[in-house]
>>> print(open('structure.tsv').read())   # TSV, C-alpha atoms
chain	number	residue	atom	x	y	z
A	1	GLN	CA	7.51	8.86	15.40
A	2	VAL	CA	5.08	7.90	12.68
A	3	GLN	CA	2.23	5.44	13.14
A	4	LEU	CA	0.55	3.77	10.18
A	5	VAL	CA	-2.72	1.88	10.38
A	6	GLU	CA	-4.12	-0.06	7.45
A	7	SER	CA	-7.77	-0.96	6.99
A	8	GLY	CA	-10.09	-2.24	4.31
A	9	GLY	CA	-8.84	-5.76	3.81
A	10	GLY	CA	-11.13	-8.75	3.70
A	11	LEU	CA	-12.44	-11.67	1.69
A	12	VAL	CA	-13.61	-11.06	-1.85
A	13	GLN	CA	-14.40	-13.20	-4.86
A	14	ALA	CA	-12.22	-13.10	-7.94
A	15	GLY	CA	-13.15	-10.15	-10.11
A	16	GLY	CA	-14.22	-8.11	-7.12
A	17	SER	CA	-12.83	-4.93	-5.64
A	18	LEU	CA	-11.46	-3.68	-2.35
A	19	ARG	CA	-10.17	-0.33	-1.19
A	20	LEU	CA	-7.37	-0.25	1.33
A	21	SER	CA	-6.64	2.77	3.47
A	22	CYS	CA	-3.52	3.74	5.39
A	23	ALA	CA	-3.96	6.42	8.02
A	24	ALA	CA	-0.78	8.12	9.16
A	25	SER	CA	-0.31	9.93	12.44
A	26	GLY	CA	2.64	11.64	14.05
A	27	SER	CA	5.12	13.88	12.34
A	28	ILE	CA	5.25	13.13	8.62
A	29	SER	CA	6.97	16.32	7.57
A	30	GLY	CA	9.93	15.38	5.47
A	31	LEU	CA	8.03	12.57	3.78
A	32	ASN	CA	10.29	11.02	1.16
A	33	ARG	CA	8.21	8.15	-0.18
A	34	MET	CA	4.98	6.28	0.51
A	35	GLY	CA	3.54	3.12	-0.89
A	36	TRP	CA	1.97	-0.30	-0.56
A	37	TYR	CA	3.69	-3.66	-0.30
A	38	ARG	CA	2.34	-7.17	0.06
A	39	GLN	CA	3.63	-10.45	1.40
A	40	THR	CA	2.60	-14.08	1.20
A	41	PRO	CA	3.86	-16.83	3.51
A	42	GLY	CA	7.41	-17.85	2.77
A	43	ASN	CA	8.02	-15.00	0.37
A	44	ALA	CA	9.66	-11.61	0.60
A	45	ARG	CA	7.63	-8.48	0.85
A	46	GLU	CA	7.08	-7.04	-2.62
A	47	LEU	CA	6.26	-3.59	-3.87
A	48	VAL	CA	2.72	-3.12	-5.16
A	49	ALA	CA	2.65	0.61	-5.83
A	50	HIS	CA	4.24	3.77	-4.52
A	51	PHE	CA	4.83	7.48	-4.91
A	52	THR	CA	8.49	8.15	-5.51
A	53	SER	CA	10.38	11.07	-4.01
A	54	ASP	CA	9.69	12.89	-7.29
A	55	ASP	CA	5.98	12.20	-6.82
A	56	ILE	CA	5.92	9.72	-9.67
A	57	ILE	CA	3.63	6.72	-9.30
A	58	GLU	CA	5.03	3.29	-10.01
A	59	TYR	CA	3.18	-0.02	-10.04
A	60	ALA	CA	4.27	-3.61	-10.04
A	61	ASP	CA	3.66	-5.14	-13.46
A	62	SER	CA	1.28	-7.65	-11.94
A	63	VAL	CA	-1.17	-4.95	-10.82
A	64	LYS	CA	-0.91	-2.36	-13.59
A	65	GLY	CA	-4.31	-1.44	-14.96
A	66	ARG	CA	-6.10	-2.99	-11.98
A	67	PHE	CA	-4.83	-1.16	-8.91
A	68	THR	CA	-4.72	2.58	-8.27
A	69	ILE	CA	-2.76	4.30	-5.53
A	70	SER	CA	-3.91	7.69	-4.29
A	71	ARG	CA	-3.63	9.92	-1.26
A	72	ASP	CA	-5.43	12.64	0.60
A	73	ASN	CA	-2.80	14.95	2.08
A	74	ALA	CA	-5.36	16.80	4.19
A	75	LYS	CA	-6.31	13.54	5.91
A	76	ASN	CA	-2.78	12.07	5.98
A	77	THR	CA	-4.26	9.01	4.34
A	78	MET	CA	-3.14	6.86	1.45
A	79	TYR	CA	-5.37	4.51	-0.49
A	80	LEU	CA	-5.10	1.50	-2.75
A	81	GLN	CA	-8.09	0.82	-4.96
A	82	MET	CA	-7.91	-2.79	-6.11
A	83	ASN	CA	-10.16	-3.88	-8.96
A	84	SER	CA	-10.44	-7.11	-10.94
A	85	LEU	CA	-8.87	-8.97	-8.06
A	86	LYS	CA	-7.30	-12.36	-8.69
A	87	PRO	CA	-6.56	-15.23	-6.31
A	88	GLU	CA	-2.85	-14.46	-6.70
A	89	ASP	CA	-3.47	-11.05	-5.13
A	90	THR	CA	-4.10	-12.83	-1.84
A	91	ALA	CA	-1.57	-11.49	0.66
A	92	VAL	CA	-1.07	-9.30	3.67
A	93	TYR	CA	-0.86	-5.72	2.45
A	94	TYR	CA	1.34	-3.22	4.25
A	95	CYS	CA	1.67	0.51	3.92
A	96	HIS	CA	5.13	1.94	4.03
A	97	PHE	CA	6.37	5.47	4.57
A	98	ILE	CA	9.89	6.82	4.44
A	99	VAL	CA	10.00	9.94	6.57
A	100	ARG	CA	13.25	11.84	6.99
A	101	TYR	CA	14.90	8.72	5.54
A	102	MET	CA	13.50	6.42	8.23
A	103	ASN	CA	11.29	3.45	7.33
A	104	TYR	CA	7.86	3.00	8.89
A	105	TRP	CA	5.48	0.08	8.37
A	106	GLY	CA	1.92	-0.59	9.29
A	107	ARG	CA	0.87	-3.90	10.82
A	108	GLY	CA	-0.79	-5.05	7.64
A	109	THR	CA	-4.25	-6.00	6.49
A	110	GLN	CA	-5.18	-9.37	5.05
A	111	VAL	CA	-6.65	-9.55	1.56
A	112	THR	CA	-8.03	-12.90	0.47
A	113	VAL	CA	-9.38	-13.46	-3.03
A	114	SER	CA	-11.36	-16.65	-3.57
A	115	SER	CA	-11.61	-18.32	-6.96
>>> encode(input="structure.tsv", output="structure tokens")
Amino acid sequence: QVQLVESGGGLVQAGGSLRLSCAASGSISGLNRMGWYRQTPGNARELVAHFTSDDIIEYADSVKGRFTISRDNAKNTMYLQMNSLKPEDTAVYYCHFIVRYMNYWGRGTQVTVSS
């Protein structure tokens, strides 16, 4: 089993920054993919950024140039640095791991950007 816990969300003014963290515990050997998604009420969860199985980083067009995904393998932690935040970035942000082809999600952290 893999447990994922997000932190770092909060309320920020437009133009501000936040850094999200996702701490993973359990057996993550055989990690296939890891990334960040977000969801707003009434909408499907959407990809924000992720590391592919080939270790390539991909970003949603809406966050390119503003968000940066990174990880610290020694700490089993993944990060999302979010700069130049916009009100439309308001959402619940989830971390997502695929380990041995099984999907794992955190419980999410709320990010609210005020105009």
>>> residues_around(input="structure.tsv", residues="Glu88 (chain A)", least_positions_apart="2", cutoff="8 Å", atoms="all atoms listed in the file", output="list in words")
Lys86, Thr90 and Val113 of chain A
>>> write_last_selection(input="structure.tsv", atoms="C-alpha atoms", output="CSV table (one decimal), keeping the file's coordinate frame")
chain,number,residue,atom,x,y,z
A,86,LYS,CA,-7.3,-12.4,-8.7
A,90,THR,CA,-4.1,-12.8,-1.8
A,113,VAL,CA,-9.4,-13.5,-3.0
>>> closest_residue(input="structure.tsv", among="A:Asn76, A:Ser70, A:Gln13, A:Ser7", to="Ile57 (chain A)", atoms="all atoms listed in the file")
A:Ser70
>>> residues_near_point(input="structure.tsv", point="(4.0, 4.3, 8.3)", cutoff="6 Å", atoms="only C-alpha atoms", output="tab-separated table (two decimals) with C-alpha atoms, in the coordinates of the input")
chain	number	residue	atom	x	y	z
A	2	VAL	CA	5.08	7.90	12.68
A	3	GLN	CA	2.23	5.44	13.14
A	4	LEU	CA	0.55	3.77	10.18
A	96	HIS	CA	5.13	1.94	4.03
A	97	PHE	CA	6.37	5.47	4.57
A	104	TYR	CA	7.86	3.00	8.89
A	105	TRP	CA	5.48	0.08	8.37
A	106	GLY	CA	1.92	-0.59	9.29
>>> atom_distance(input="structure.tsv", atom1="CA of Ser84 (chain A)", atom2="CA of Val12 (chain A)")
10.4 Å
>>> closest_residue(input="structure.tsv", among="A:Ser53, A:Asn83, A:Asn43, A:Ser115", to="Phe67 (chain A)", atoms="all atoms listed in the file")
A:Asn83
>>> closest_residue(input="structure.tsv", among="A:Leu11, A:Ser27, A:Asp61, A:Ala49", to="Cys95 (chain A)", atoms="all atoms listed in the file")
A:Ala49
>>> atom_distance(input="structure.tsv", atom1="CA of Trp36 (chain A)", atom2="CA of Gln1 (chain A)")
19.2 Å
>>> closest_residue(input="structure.tsv", among="A:Ala60, A:Arg107, A:Asn73, A:Thr40", to="Ala91 (chain A)", atoms="only C-alpha atoms")
A:Thr40
>>> atom_distance(input="structure.tsv", atom1="CA of Tyr37 (chain A)", atom2="CA of Tyr94 (chain A)")
5.1 Å
>>> closest_residue(input="structure.tsv", among="A:Glu46, A:Asp54, A:Asp89, A:Glu6", to="Arg66 (chain A)", atoms="all atoms listed in the file")
A:Asp89
>>> axis_aligned_box(input="structure.tsv", around="region 8-15 of chain A", padding_each_side="5 Å", output="JSON")
{"center_x": -11.6, "center_y": -7.7, "center_z": -2.9, "size_x": 15.6, "size_y": 21.0, "size_z": 24.4}
>>> closest_residue(input="structure.tsv", among="A:Val63, A:Val99, A:Val5, A:Met82", to="Ser17 (chain A)", atoms="all atoms listed in the file")
A:Met82
>>> residues_around(input="structure.tsv", residues="Thr77 (chain A)", least_positions_apart="5", cutoff="8 Å", atoms="all atoms listed in the file", output="short mmCIF file (atom, residue, chain, number, x, y, z; two decimals) with C-alpha atoms, keeping the file's coordinate frame")
data_model
loop_
_atom_site.label_atom_id
_atom_site.label_comp_id
_atom_site.auth_asym_id
_atom_site.auth_seq_id
_atom_site.Cartn_x
_atom_site.Cartn_y
_atom_site.Cartn_z
CA SER A 21 -6.64 2.77 3.47
CA CYS A 22 -3.52 3.74 5.39
CA ALA A 23 -3.96 6.42 8.02
CA ALA A 24 -0.78 8.12 9.16
CA ARG A 71 -3.63 9.92 -1.26
CA ASP A 72 -5.43 12.64 0.60
#
